[in-house]
>>> print(open('entry-v7.cif').read())   # mmCIF, C-alpha atoms and all ligand atoms
data_protein
loop_
_atom_site.label_atom_id
_atom_site.label_comp_id
_atom_site.auth_asym_id
_atom_site.auth_seq_id
_atom_site.Cartn_x
_atom_site.Cartn_y
_atom_site.Cartn_z
CA MET Y 1 4.55 2.64 -25.99
CA GLU Y 2 6.41 1.98 -22.76
CA ASN Y 3 4.67 2.19 -19.45
CA LYS Y 4 5.46 5.16 -17.23
CA ILE Y 5 6.18 4.88 -13.52
CA LEU Y 6 4.80 7.82 -11.60
CA LYS Y 7 6.57 8.15 -8.25
CA PHE Y 8 4.77 9.85 -5.38
CA PRO Y 9 6.56 12.08 -2.84
CA ALA Y 10 8.46 10.34 -0.04
CA GLY Y 11 6.24 9.79 2.97
CA PHE Y 12 3.04 9.91 0.91
CA LEU Y 13 0.19 8.24 2.78
CA TRP Y 14 -1.48 5.25 1.19
CA GLY Y 15 -4.61 4.27 3.00
CA VAL Y 16 -8.03 2.73 2.96
CA ALA Y 17 -11.17 4.30 4.40
CA THR Y 18 -14.14 2.88 6.30
CA SER Y 19 -16.84 4.23 8.59
CA ALA Y 20 -18.30 2.81 11.78
CA TYR Y 21 -21.94 2.38 10.78
CA GLN Y 22 -20.98 0.84 7.46
CA VAL Y 23 -18.65 -1.85 8.82
CA GLU Y 24 -18.91 -2.36 12.59
CA GLY Y 25 -22.27 -4.04 13.06
CA ASP Y 26 -24.78 -3.78 15.91
CA CYS Y 27 -25.03 -0.01 15.67
CA ASP Y 28 -28.66 -0.19 16.69
CA ASN Y 29 -28.80 2.90 18.83
CA ASN Y 30 -28.60 5.56 16.12
CA ASP Y 31 -30.85 7.46 13.72
CA TRP Y 32 -29.70 5.51 10.66
CA CYS Y 33 -30.79 2.27 12.25
CA GLU Y 34 -34.21 3.79 12.91
CA TRP Y 35 -34.24 5.06 9.35
CA GLY Y 36 -33.61 1.52 8.10
CA LYS Y 37 -36.36 0.12 10.31
CA LYS Y 38 -38.76 2.59 8.70
CA GLY Y 39 -37.94 1.00 5.35
CA LYS Y 40 -35.99 4.00 4.10
CA THR Y 41 -32.91 1.96 3.15
CA LYS Y 42 -32.76 -1.03 0.82
CA GLY Y 43 -31.83 -3.30 3.70
CA ILE Y 44 -30.86 -3.24 7.36
CA ALA Y 45 -27.25 -2.76 8.48
CA GLY Y 46 -27.44 -5.47 11.19
CA LYS Y 47 -24.07 -7.12 11.72
CA ALA Y 48 -22.54 -5.26 8.73
CA CYS Y 49 -18.98 -6.60 8.29
CA ASP Y 50 -18.76 -7.32 12.03
CA SER Y 51 -15.62 -5.21 12.09
CA TRP Y 52 -16.38 -4.46 15.75
CA ASN Y 53 -15.02 -7.97 16.36
CA LYS Y 54 -13.12 -8.65 13.16
CA TYR Y 55 -11.07 -5.45 13.15
CA PRO Y 56 -7.75 -7.31 13.53
CA GLU Y 57 -8.51 -9.12 10.27
CA ASP Y 58 -9.32 -5.84 8.53
CA HIS Y 59 -6.12 -4.26 9.77
CA ASP Y 60 -4.15 -7.31 8.64
CA LEU Y 61 -5.61 -6.86 5.16
CA ALA Y 62 -4.65 -3.18 5.10
CA GLN Y 63 -1.17 -4.14 6.25
CA GLU Y 64 -0.98 -6.74 3.50
CA LEU Y 65 -1.88 -3.99 1.04
CA GLY Y 66 1.19 -2.14 2.23
CA CYS Y 67 -0.87 0.76 3.57
CA ASN Y 68 0.78 3.22 5.91
CA ALA Y 69 -2.53 4.83 6.88
CA PHE Y 70 -6.02 3.74 7.88
CA ARG Y 71 -9.15 5.87 8.07
CA LEU Y 72 -12.04 4.86 10.32
CA SER Y 73 -14.78 6.60 12.28
CA LEU Y 74 -16.06 6.33 15.82
CA GLU Y 75 -19.68 5.55 16.54
CA TRP Y 76 -21.05 8.30 18.78
CA SER Y 77 -24.05 6.17 19.84
CA LYS Y 78 -21.69 3.50 21.22
CA ILE Y 79 -19.49 6.02 23.03
CA GLU Y 80 -22.42 8.01 24.44
CA PRO Y 81 -25.38 5.61 24.41
CA GLU Y 82 -27.42 7.86 26.71
CA GLU Y 83 -27.30 11.60 27.08
CA GLY Y 84 -24.24 12.54 29.13
CA LYS Y 85 -23.38 8.89 29.93
CA PHE Y 86 -20.21 7.79 28.28
CA SER Y 87 -19.40 4.11 27.89
CA GLN Y 88 -15.91 3.40 29.16
CA GLU Y 89 -16.21 -0.03 27.61
CA ALA Y 90 -16.70 1.41 24.13
CA ILE Y 91 -13.85 3.87 24.66
CA GLU Y 92 -11.53 1.02 25.72
CA HIS Y 93 -12.65 -0.97 22.70
CA TYR Y 94 -11.70 1.88 20.38
CA ARG Y 95 -8.38 2.25 22.21
CA LYS Y 96 -7.60 -1.37 21.31
CA VAL Y 97 -8.69 -0.84 17.72
CA LEU Y 98 -6.49 2.23 17.35
CA GLN Y 99 -3.53 0.56 19.02
CA ASP Y 100 -3.87 -2.40 16.68
CA ILE Y 101 -3.68 -0.10 13.64
CA LYS Y 102 -0.55 1.52 15.03
CA ALA Y 103 1.04 -1.82 15.84
CA LYS Y 104 0.50 -2.78 12.19
CA GLY Y 105 2.48 0.22 11.00
CA MET Y 106 -0.33 2.56 9.95
CA MET Y 107 -1.16 6.12 10.97
CA ARG Y 108 -4.66 6.61 12.34
CA SER Y 109 -6.98 9.02 10.62
CA VAL Y 110 -10.09 9.23 12.77
CA THR Y 111 -13.46 10.74 11.87
CA LEU Y 112 -15.57 11.84 14.82
CA TRP Y 113 -18.83 12.07 12.94
CA HIS Y 114 -19.63 10.02 9.86
CA TRP Y 115 -23.35 10.82 9.74
CA THR Y 116 -24.95 8.85 12.56
CA LEU Y 117 -26.59 10.48 15.58
CA PRO Y 118 -27.42 8.63 18.80
CA ILE Y 119 -31.17 8.02 19.10
CA TRP Y 120 -31.43 10.12 22.26
CA LEU Y 121 -30.16 13.12 20.29
CA SER Y 122 -32.14 12.50 17.12
CA LYS Y 123 -35.26 12.36 19.32
CA LYS Y 124 -34.41 15.86 20.47
CA GLY Y 125 -34.24 17.00 16.85
CA GLY Y 126 -30.70 16.74 15.51
CA TRP Y 127 -28.50 19.26 13.76
CA HIS Y 128 -31.14 21.93 13.26
CA LYS Y 129 -31.39 22.27 17.05
CA LYS Y 130 -28.88 24.60 18.64
CA HIS Y 131 -28.23 22.23 21.56
CA THR Y 132 -26.65 19.72 19.16
CA VAL Y 133 -23.58 21.98 19.02
CA LYS Y 134 -23.17 21.59 22.77
CA TYR Y 135 -23.75 17.82 22.74
CA PHE Y 136 -21.38 17.32 19.84
CA THR Y 137 -18.69 19.42 21.49
CA GLU Y 138 -19.00 17.39 24.70
CA TYR Y 139 -18.67 14.15 22.75
CA CYS Y 140 -15.59 15.49 20.93
CA LYS Y 141 -14.03 16.66 24.16
CA LYS Y 142 -14.45 13.23 25.73
CA VAL Y 143 -12.97 11.46 22.71
CA ILE Y 144 -9.96 13.76 22.43
CA GLU Y 145 -9.26 13.59 26.17
CA GLU Y 146 -9.57 9.81 26.28
CA LEU Y 147 -8.25 8.75 22.91
CA GLY Y 148 -6.28 11.75 21.66
CA ASP Y 149 -2.97 9.96 22.13
CA GLU Y 150 -4.15 7.17 19.84
CA ILE Y 151 -5.23 9.50 17.03
CA ASP Y 152 -2.78 10.86 14.46
CA GLN Y 153 -5.15 12.94 12.40
CA LEU Y 154 -8.64 14.09 13.35
CA LEU Y 155 -11.54 14.65 10.99
CA ILE Y 156 -14.35 16.39 12.81
CA MET Y 157 -16.96 15.57 10.18
CA ASN Y 158 -17.36 13.55 7.04
CA GLU Y 159 -18.95 15.38 4.12
CA PRO Y 160 -21.31 17.73 5.98
CA ARG Y 161 -22.86 18.60 2.62
CA LEU Y 162 -24.59 15.24 2.26
CA PRO Y 163 -26.51 14.92 5.52
CA LEU Y 164 -27.52 18.56 5.03
CA ASN Y 165 -28.76 18.28 1.45
CA ARG Y 166 -30.24 14.87 1.80
CA GLY Y 167 -31.46 15.13 5.37
CA TYR Y 168 -33.02 18.59 5.11
CA LEU Y 169 -33.86 19.14 1.43
CA ALA Y 170 -34.15 15.88 -0.49
CA GLY Y 171 -35.37 14.09 2.63
CA ASN Y 172 -33.85 10.69 1.84
CA PHE Y 173 -31.39 10.75 4.76
CA PRO Y 174 -32.47 11.21 8.38
CA PRO Y 175 -34.10 13.34 9.68
CA GLY Y 176 -35.98 13.20 6.36
CA LYS Y 177 -37.01 16.86 6.13
CA HIS Y 178 -37.82 19.01 3.12
CA ASN Y 179 -37.33 22.31 4.81
CA PRO Y 180 -34.89 25.04 3.70
CA ILE Y 181 -35.20 26.88 7.00
CA LEU Y 182 -34.17 23.83 8.98
CA TYR Y 183 -31.40 23.28 6.41
CA PHE Y 184 -29.97 26.72 7.14
CA LEU Y 185 -30.22 26.22 10.88
CA ALA Y 186 -28.56 22.80 10.69
CA ARG Y 187 -25.78 24.15 8.49
CA LYS Y 188 -25.13 27.05 10.84
CA ASN Y 189 -24.94 24.66 13.79
CA MET Y 190 -22.61 22.30 11.95
CA VAL Y 191 -20.23 25.12 11.07
CA GLU Y 192 -20.26 26.29 14.67
CA ALA Y 193 -19.69 22.76 15.96
CA CYS Y 194 -16.68 22.32 13.66
CA LYS Y 195 -15.15 25.60 14.85
CA LYS Y 196 -15.68 24.76 18.50
CA CYS Y 197 -14.22 21.28 18.13
CA TYR Y 198 -11.21 22.62 16.30
CA ASP Y 199 -10.48 25.11 19.09
CA LEU Y 200 -11.11 22.52 21.75
CA SER Y 201 -8.83 20.01 20.15
CA LYS Y 202 -6.05 22.61 19.95
CA GLU Y 203 -6.51 23.27 23.69
CA ILE Y 204 -6.32 19.59 24.62
CA LYS Y 205 -3.79 18.32 22.11
CA LYS Y 206 -2.04 21.15 20.33
CA ASP Y 207 -0.13 19.11 17.78
CA LEU Y 208 -2.96 16.96 16.53
CA PRO Y 209 -3.77 17.90 12.91
CA VAL Y 210 -7.50 18.63 12.64
CA GLY Y 211 -9.88 19.22 9.75
CA ILE Y 212 -12.92 17.90 7.95
CA THR Y 213 -13.47 16.17 4.64
CA GLN Y 214 -16.00 17.23 2.03
CA PHE Y 215 -17.74 15.50 -0.87
CA CYS Y 216 -16.38 17.46 -3.83
CA ASN Y 217 -17.61 17.17 -7.38
CA ASP Y 218 -15.94 18.46 -10.47
CA PHE Y 219 -18.34 20.94 -12.09
CA ASP Y 220 -18.67 21.23 -15.85
CA TYR Y 221 -19.10 24.75 -17.19
CA TYR Y 222 -21.14 26.00 -20.16
CA ASN Y 223 -20.96 28.71 -22.75
CA SER Y 224 -24.16 30.14 -21.37
CA LYS Y 225 -23.45 32.99 -18.96
CA PHE Y 226 -26.53 32.23 -16.92
CA LEU Y 227 -25.74 28.54 -16.48
CA SER Y 228 -22.11 29.30 -15.72
CA PHE Y 229 -23.24 31.66 -13.02
CA ILE Y 230 -25.57 29.06 -11.51
CA THR Y 231 -22.85 26.41 -11.76
CA GLU Y 232 -20.33 28.62 -10.00
CA GLN Y 233 -22.76 29.33 -7.17
CA THR Y 234 -23.54 25.64 -6.80
CA GLU Y 235 -19.87 24.72 -6.80
CA ASN Y 236 -19.06 27.29 -4.13
CA LEU Y 237 -21.91 26.07 -2.02
CA TYR Y 238 -21.37 22.34 -2.43
CA ASN Y 239 -17.60 22.02 -2.50
CA TRP Y 240 -16.27 25.03 -0.68
CA TYR Y 241 -18.87 26.52 1.64
CA PHE Y 242 -17.56 24.77 4.74
CA TYR Y 243 -13.94 25.53 3.93
CA ASP Y 244 -14.78 29.18 3.36
CA GLN Y 245 -16.73 29.42 6.60
CA LEU Y 246 -14.18 27.53 8.64
CA ARG Y 247 -11.11 29.51 7.59
CA GLY Y 248 -8.53 29.34 10.38
CA HIS Y 249 -10.24 26.23 11.74
CA TYR Y 250 -8.61 23.42 9.79
CA ASP Y 251 -5.02 22.30 9.26
CA PHE Y 252 -5.62 20.45 6.00
CA VAL Y 253 -8.24 20.17 3.28
CA GLY Y 254 -9.97 16.81 2.94
CA ILE Y 255 -11.49 15.87 -0.40
CA ASN Y 256 -13.71 12.90 -1.17
CA TYR Y 257 -13.93 12.67 -4.94
CA TYR Y 258 -16.16 10.38 -6.94
CA PHE Y 259 -17.60 12.11 -10.01
CA ALA Y 260 -18.21 15.20 -12.12
CA VAL Y 261 -21.53 16.96 -12.53
CA GLU Y 262 -23.24 19.42 -14.79
CA VAL Y 263 -25.96 21.77 -13.71
CA LYS Y 264 -28.98 21.53 -16.00
CA LEU Y 265 -32.02 23.66 -16.39
CA TYR Y 266 -35.45 22.03 -16.25
CA PRO Y 267 -37.65 25.11 -15.90
CA PRO Y 268 -38.66 26.05 -13.29
CA SER Y 269 -36.06 23.91 -11.52
CA ILE Y 270 -32.34 23.28 -11.80
CA LYS Y 271 -30.81 19.82 -11.48
CA MET Y 272 -27.33 18.50 -11.00
CA GLN Y 273 -26.54 15.49 -13.15
CA THR Y 274 -23.54 13.25 -13.25
CA VAL Y 275 -21.45 13.78 -16.36
CA ASP Y 276 -22.34 10.99 -18.71
CA MET Y 277 -19.05 9.10 -18.98
CA GLN Y 278 -18.83 5.45 -18.04
CA ILE Y 279 -21.64 5.10 -15.49
CA THR Y 280 -20.95 2.93 -12.46
CA GLU Y 281 -23.35 0.80 -10.46
CA MET Y 282 -24.03 3.79 -8.18
CA GLY Y 283 -25.10 5.82 -11.23
CA TRP Y 284 -21.98 7.96 -10.86
CA GLY Y 285 -19.87 8.70 -13.95
CA VAL Y 286 -16.15 7.97 -14.03
CA PHE Y 287 -14.13 11.10 -14.72
CA ALA Y 288 -10.55 11.03 -13.46
CA ASP Y 289 -9.71 14.50 -14.83
CA GLY Y 290 -12.18 15.85 -12.31
CA LEU Y 291 -9.92 14.82 -9.45
CA TYR Y 292 -7.17 16.96 -10.93
CA GLU Y 293 -9.55 19.91 -11.29
CA VAL Y 294 -10.90 19.66 -7.75
CA VAL Y 295 -7.45 19.30 -6.20
CA MET Y 296 -6.00 22.24 -8.12
CA ASP Y 297 -9.02 24.33 -7.19
CA ALA Y 298 -8.63 23.47 -3.50
CA TRP Y 299 -4.92 24.22 -3.66
CA ASP Y 300 -5.43 27.60 -5.36
CA ARG Y 301 -8.07 28.56 -2.87
CA TYR Y 302 -6.65 27.43 0.46
CA LYS Y 303 -2.94 26.59 0.10
CA LYS Y 304 -3.20 23.89 2.78
CA PRO Y 305 -2.03 20.27 2.67
CA ILE Y 306 -4.62 18.18 0.83
CA TYR Y 307 -5.70 14.61 1.52
CA ILE Y 308 -7.97 12.50 -0.65
CA PHE Y 309 -9.94 10.75 2.06
CA GLU Y 310 -12.24 8.85 -0.30
CA ASN Y 311 -12.23 7.78 -3.92
CA GLY Y 312 -13.58 4.52 -5.27
CA ILE Y 313 -16.08 2.69 -7.41
CA ALA Y 314 -19.03 0.35 -6.88
CA ASN Y 315 -18.01 -2.55 -9.08
CA ALA Y 316 -19.15 -6.02 -8.03
CA GLU Y 317 -17.31 -7.73 -10.88
CA ASP Y 318 -14.12 -5.82 -10.11
CA ASP Y 319 -13.46 -5.42 -13.81
CA HIS Y 320 -13.06 -1.61 -13.69
CA ARG Y 321 -11.63 -0.95 -10.23
CA SER Y 322 -7.91 -1.26 -11.02
CA ALA Y 323 -8.19 1.02 -14.05
CA TYR Y 324 -10.27 3.45 -11.99
CA ILE Y 325 -7.64 3.64 -9.28
CA LYS Y 326 -4.78 4.07 -11.73
CA SER Y 327 -6.47 6.75 -13.81
CA HIS Y 328 -7.34 8.77 -10.70
CA LEU Y 329 -3.84 8.41 -9.28
CA GLN Y 330 -2.34 9.51 -12.56
CA LYS Y 331 -4.38 12.70 -12.30
CA LEU Y 332 -3.47 13.14 -8.65
CA HIS Y 333 0.18 12.80 -9.59
CA GLU Y 334 -0.30 15.47 -12.23
CA ALA Y 335 -1.76 17.82 -9.60
CA ILE Y 336 1.23 17.16 -7.35
CA SER Y 337 3.64 17.86 -10.19
CA LYS Y 338 1.83 21.19 -10.76
CA GLY Y 339 2.56 22.15 -7.17
CA ALA Y 340 -0.46 20.98 -5.15
CA ASP Y 341 0.66 19.77 -1.73
CA VAL Y 342 -1.20 16.44 -1.67
CA ARG Y 343 -0.13 14.26 1.25
CA GLY Y 344 -2.24 11.12 0.99
CA TYR Y 345 -4.81 8.96 -0.80
CA PHE Y 346 -7.32 6.75 1.01
CA HIS Y 347 -9.26 4.29 -1.11
CA TRP Y 348 -12.96 3.81 -0.43
CA SER Y 349 -13.19 1.13 0.68
CA LEU Y 350 -11.19 -1.70 2.18
CA VAL Y 351 -14.19 -4.01 2.32
CA ASP Y 352 -17.69 -4.18 0.84
CA ASN Y 353 -19.99 -2.56 3.37
CA PHE Y 354 -23.39 -1.06 4.16
CA GLU Y 355 -23.83 1.68 1.58
CA TRP Y 356 -26.44 3.89 3.33
CA VAL Y 357 -29.70 4.04 1.31
CA GLU Y 358 -28.36 1.41 -1.11
CA ALA Y 359 -27.63 -0.99 1.77
CA TYR Y 360 -25.58 -4.03 0.67
CA ASN Y 361 -26.24 -3.64 -3.04
CA MET Y 362 -23.15 -1.59 -3.79
CA LYS Y 363 -19.74 -3.24 -3.70
CA PHE Y 364 -17.02 -0.69 -3.05
CA GLY Y 365 -14.49 -3.09 -1.50
CA LEU Y 366 -10.99 -4.03 -2.54
CA VAL Y 367 -12.02 -7.01 -0.46
CA GLU Y 368 -15.25 -8.87 -1.11
CA ILE Y 369 -17.35 -9.87 1.88
CA ASP Y 370 -19.66 -12.82 1.97
CA PHE Y 371 -22.37 -11.34 4.21
CA GLU Y 372 -23.55 -14.80 5.25
CA THR Y 373 -20.22 -16.07 6.55
CA LEU Y 374 -18.46 -12.67 6.85
CA GLU Y 375 -15.49 -14.21 5.12
CA ARG Y 376 -13.17 -11.66 3.51
CA LYS Y 377 -11.81 -12.36 0.04
CA PRO Y 378 -9.39 -9.94 -1.65
CA ARG Y 379 -10.38 -9.01 -5.19
CA LYS Y 380 -7.89 -8.71 -8.08
CA SER Y 381 -7.79 -4.94 -7.61
CA PHE Y 382 -6.56 -5.53 -4.04
CA TYR Y 383 -3.28 -6.81 -5.46
CA GLU Y 384 -3.05 -3.93 -7.94
CA TYR Y 385 -3.54 -1.38 -5.17
CA ALA Y 386 -0.99 -3.28 -3.06
CA LYS Y 387 1.63 -2.79 -5.79
CA ILE Y 388 0.94 0.94 -5.76
CA CYS Y 389 1.15 1.25 -1.96
CA LYS Y 390 4.32 -0.82 -1.74
CA ASN Y 391 6.11 0.99 -4.60
CA ASN Y 392 4.84 4.45 -3.67
CA ALA Y 393 4.24 4.67 -7.39
CA VAL Y 394 1.68 3.91 -10.05
CA GLU Y 395 2.48 2.37 -13.39
CA VAL Y 396 0.41 3.73 -16.25
CA GLY Y 397 0.24 2.84 -19.94
C1 LIG Y 401 -19.39 8.83 0.52
C2 LIG Y 401 -19.50 8.45 1.99
C3 LIG Y 401 -19.04 7.05 2.29
C4 LIG Y 401 -19.46 6.08 1.22
C5 LIG Y 401 -19.10 6.58 -0.15
C6 LIG Y 401 -19.45 5.65 -1.29
O1 LIG Y 401 -20.24 9.89 0.24
O2 LIG Y 401 -18.74 9.32 2.78
O3 LIG Y 401 -19.51 6.70 3.56
O4 LIG Y 401 -20.79 5.80 1.35
O5 LIG Y 401 -19.73 7.82 -0.38
#
>>> encode(input="entry-v7.cif", output="structure tokens")
Amino acid sequence: MENKILKFPAGFLWGVATSAYQVEGDCDNNDWCEWGKKGKTKGIAGKACDSWNKYPEDHDLAQELGCNAFRLSLEWSKIEPEEGKFSQEAIEHYRKVLQDIKAKGMMRSVTLWHWTLPIWLSKKGGWHKKHTVKYFTEYCKKVIEELGDEIDQLLIMNEPRLPLNRGYLAGNFPPGKHNPILYFLARKNMVEACKKCYDLSKEIKKDLPVGITQFCNDFDYYNSKFLSFITEQTENLYNWYFYDQLRGHYDFVGINYYFAVEVKLYPPSIKMQTVDMQITEMGWGVFADGLYEVVMDAWDRYKKPIYIFENGIANAEDDHRSAYIKSHLQKLHEAISKGADVRGYFHWSLVDNFEWVEAYNMKFGLVEIDFETLERKPRKSFYEYAKICKNNAVEVG
């Protein structure tokens, strides 16, 4: 059978995604660093990929891929190391970083909060405290005023669902609570912070597209009415709660898609389990159809432009990554051909990096990093993704 070439719409964004704490290095003034010091992560972030200094190399690699977009986040604890004291030096550093991305022909998709809180704020509590809304809004205001002209697309938060579930229920992310009441308070404050920052950003820079991105799973349904009901509630809560609450306060829908789940009953509790396909090193199953399902669902619900801000696989040997990318893009293409207005795909990640609780054990990079020498070495999949970005098309068998 002949291979098919699936063309993407003109102007489609091909990007890579990173986040500050995972790549920059020396982020030692935030709650995640403290969390690591307490032995709650399988290693310490330390220098990470040293992208704080090596960013031109990273941007060169993205340019070599043929990317026309780059997603990164800003480290709040570097911009506001002490309460109310903003570091002009850090702001100027980020200005250079953002200008370098632009000079290399890529649009800049910037996340304001990718999970790390400055220590001074985490000491005061964190998201479950009402004052965090005010502090976050002040930080956002400063960033948009100072760097707004160097940002092409603004993501207020990355996957609010995860720090909420893991930080306030499971307790394996900071602040390490197991407390539903604090969970509800934190969630309420996060929703309010997103709304405020959206309004604020429209006041300061009207034309800047603003939104969030959410960790979305595909949910498997059952014949059982009861389990279907539970599944539907979980799906609404996990995938769509923020989008439902924030209606009128986002210009696009951001989706980070990795895997499908099924809700299972273990009386008296209910658990979410990854659908048992090919299981990756993260313990996440590979299920490309799920990307189609999630995108179509988002499109039916919100009718807003959609961006895939993360999708990728932990695969040290790099023997599954190219197939993973192609199968997911084939499904994304199918969603586009069914009418979903998908504008871009950002692969997670450009480089191997500090994977939160898993530390350096998970290899998500198109580019391998030797964490001793910090040398960057493109993997085979790097060249496969480069073909896709350069042709604005994916070839499938
Ligand atoms: C997502 C996070 C990202 C990265 C990937 C693997 O949930 O947003 O930082 O850790 O998972």
>>> closest_residue(input="entry-v7.cif", among="Y:Glu80, Y:Asp149, Y:Glu355, Y:Glu375", to="ligand LIG 401 (chain Y)", atoms="only C-alpha atoms and all ligand atoms")
Y:Glu355
>>> axis_aligned_box(input="entry-v7.cif", around="stretch 210-217 of chain Y", padding_each_side="5 Å", output="lines of an AutoDock Vina configuration file")
center_x = -12.6
center_y = 17.4
center_z = 2.6
size_x = 20.2
size_y = 13.7
size_z = 30.0
>>> closest_residue(input="entry-v7.cif", among="Y:Asn3, Y:Asn392, Y:Ser224, Y:Asn165", to="Y:Leu65", atoms="all atoms listed in the file")
Y:Asn392
>>> residues_near_ligand(input="entry-v7.cif", ligand="ligand LIG 401 (chain Y)", cutoff="8 Å", atoms="only C-alpha atoms and all ligand atoms", output="ChimeraX atom specification")
/Y:18-19,22,114,158-159,162,215,256,258,310-314,348-349,354-356,364
>>> atom_distance(input="entry-v7.cif", atom1="atom CA of Y:Glu83", atom2="atom CA of Y:His178")
27.2 Å
>>> residues_around(input="entry-v7.cif", residues="Y:Ile204", least_positions_apart="4", cutoff="12 Å", atoms="all atoms listed in the file", output="JSON, numbers by chain")
{"Y": [140, 141, 142, 143, 144, 145, 146, 147, 148, 149, 197, 198, 199, 200, 208]}
>>> atom_distance(input="entry-v7.cif", atom1="atom CA of Y:Phe259", atom2="atom CA of Y:Gly290")
7.0 Å
>>> residues_near_point(input="entry-v7.cif", point="(2.0, 18.3, -8.7)", cutoff="12 Å", atoms="only C-alpha atoms", output="list in words")
Leu6, Lys7, Phe8, Pro9, Tyr292, Glu293, Val295, Met296, Trp299, Ile306, Leu329, Gln330, Lys331, Leu332, His333, Glu334, Ala335, Ile336, Ser337, Lys338, Gly339, Ala340, Asp341, Val342 and Arg343 of chain Y
>>> closest_atom_pairs(input="entry-v7.cif", of="stretch 267-344 of chain Y", to="stretch 233-251 of chain Y", cutoff="9 Å", atoms="only C-alpha atoms", output="tab-separated table")
residue	atom	partner	partner_atom	distance
Y:Val294	CA	Y:Asn239	CA	8.8
Y:Ala298	CA	Y:Trp240	CA	8.3
Y:Tyr302	CA	Y:Tyr243	CA	8.3
Y:Lys304	CA	Y:Asp251	CA	6.9
Y:Pro305	CA	Y:Asp251	CA	7.5
>>> closest_residue(input="entry-v7.cif", among="Y:Tyr257, Y:Asn29, Y:Pro175, Y:Glu89", to="Y:Lys124", atoms="all atoms listed in the file")
Y:Pro175
>>> closest_residue(input="entry-v7.cif", among="Y:Lys134, Y:His320, Y:Lys40, Y:Arg166", to="Y:Lys196", atoms="only C-alpha atoms")
Y:Lys134
>>> closest_residue(input="entry-v7.cif", among="Y:Gly125, Y:Gly176, Y:Pro163, Y:Gly211", to="Y:Ile255", atoms="only C-alpha atoms")
Y:Gly211
>>> atom_distance(input="entry-v7.cif", atom1="atom CA of Y:Val286", atom2="atom CA of Y:Trp35")
29.7 Å
>>> residues_around(input="entry-v7.cif", residues="Y:Lys377", least_positions_apart="3", cutoff="8 Å", atoms="all atoms listed in the file", output="PyMOL selection string")
chain Y and resi 367-369
>>> residues_near_point(input="entry-v7.cif", point="(-11.4, 2.7, 2.3)", cutoff="8 Å", atoms="all atoms listed in the file", output="VMD selection string")
chain Y and resid 15 to 18 70 to 71 310 346 to 351 365
>>> closest_residue(input="entry-v7.cif", among="Y:Lys326, Y:Arg161, Y:Lys177, Y:Lys78", to="Y:Trp115", atoms="only C-alpha atoms")
Y:Arg161
>>> residues_around(input="entry-v7.cif", residues="Y:Asp319", least_positions_apart="2", cutoff="12 Å", atoms="only C-alpha atoms", output="ChimeraX atom specification")
/Y:280,313-317,321-325,366,379-382
>>> write_last_selection(input="entry-v7.cif", atoms="C-alpha atoms", output="compact mmCIF listing (two decimals), in the coordinates of the input")
# COMPACT_ATOMS: atom_id res chain seq x y z
CA THR Y 280 -20.95 2.93 -12.46
CA ILE Y 313 -16.08 2.69 -7.41
CA ALA Y 314 -19.03 0.35 -6.88
CA ASN Y 315 -18.01 -2.55 -9.08
CA ALA Y 316 -19.15 -6.02 -8.03
CA GLU Y 317 -17.31 -7.73 -10.88
CA ARG Y 321 -11.63 -0.95 -10.23
CA SER Y 322 -7.91 -1.26 -11.02
CA ALA Y 323 -8.19 1.02 -14.05
CA TYR Y 324 -10.27 3.45 -11.99
CA ILE Y 325 -7.64 3.64 -9.28
CA LEU Y 366 -10.99 -4.03 -2.54
CA ARG Y 379 -10.38 -9.01 -5.19
CA LYS Y 380 -7.89 -8.71 -8.08
CA SER Y 381 -7.79 -4.94 -7.61
CA PHE Y 382 -6.56 -5.53 -4.04
>>> residues_around(input="entry-v7.cif", residues="Y:Tyr222", least_positions_apart="5", cutoff="9 Å", atoms="only C-alpha atoms", output="list in words")
Leu227, Ser228, Thr231 and Glu262 of chain Y
>>> residues_around(input="entry-v7.cif", residues="Y:Ser327", least_positions_apart="6", cutoff="9 Å", atoms="all atoms listed in the file", output="ChimeraX atom specification")
/Y:287-289,396
>>> build_atoms(input="entry-v7.cif", residues="stretch 186-190 of chain Y", atoms="N, CA, C and O atoms", output="short mmCIF file (atom, residue, chain, number, x, y, z; two decimals), in the coordinates of the input")
data_model
loop_
_atom_site.label_atom_id
_atom_site.label_comp_id
_atom_site.auth_asym_id
_atom_site.auth_seq_id
_atom_site.Cartn_x
_atom_site.Cartn_y
_atom_site.Cartn_z
N ALA Y 186 -29.45 23.95 10.50
CA ALA Y 186 -28.56 22.80 10.69
C ALA Y 186 -27.15 23.14 10.19
O ALA Y 186 -26.15 22.83 10.83
N ARG Y 187 -27.09 23.80 9.05
CA ARG Y 187 -25.78 24.15 8.49
C ARG Y 187 -25.03 25.11 9.41
O ARG Y 187 -23.84 24.94 9.67
N LYS Y 188 -25.74 26.08 9.93
CA LYS Y 188 -25.13 27.05 10.84
C LYS Y 188 -24.58 26.32 12.07
O LYS Y 188 -23.45 26.56 12.52
N ASN Y 189 -25.38 25.40 12.60
CA ASN Y 189 -24.94 24.66 13.79
C ASN Y 189 -23.75 23.75 13.49
O ASN Y 189 -22.85 23.60 14.31
N MET Y 190 -23.74 23.17 12.30
CA MET Y 190 -22.61 22.30 11.95
C MET Y 190 -21.32 23.10 11.81
O MET Y 190 -20.26 22.67 12.25
#
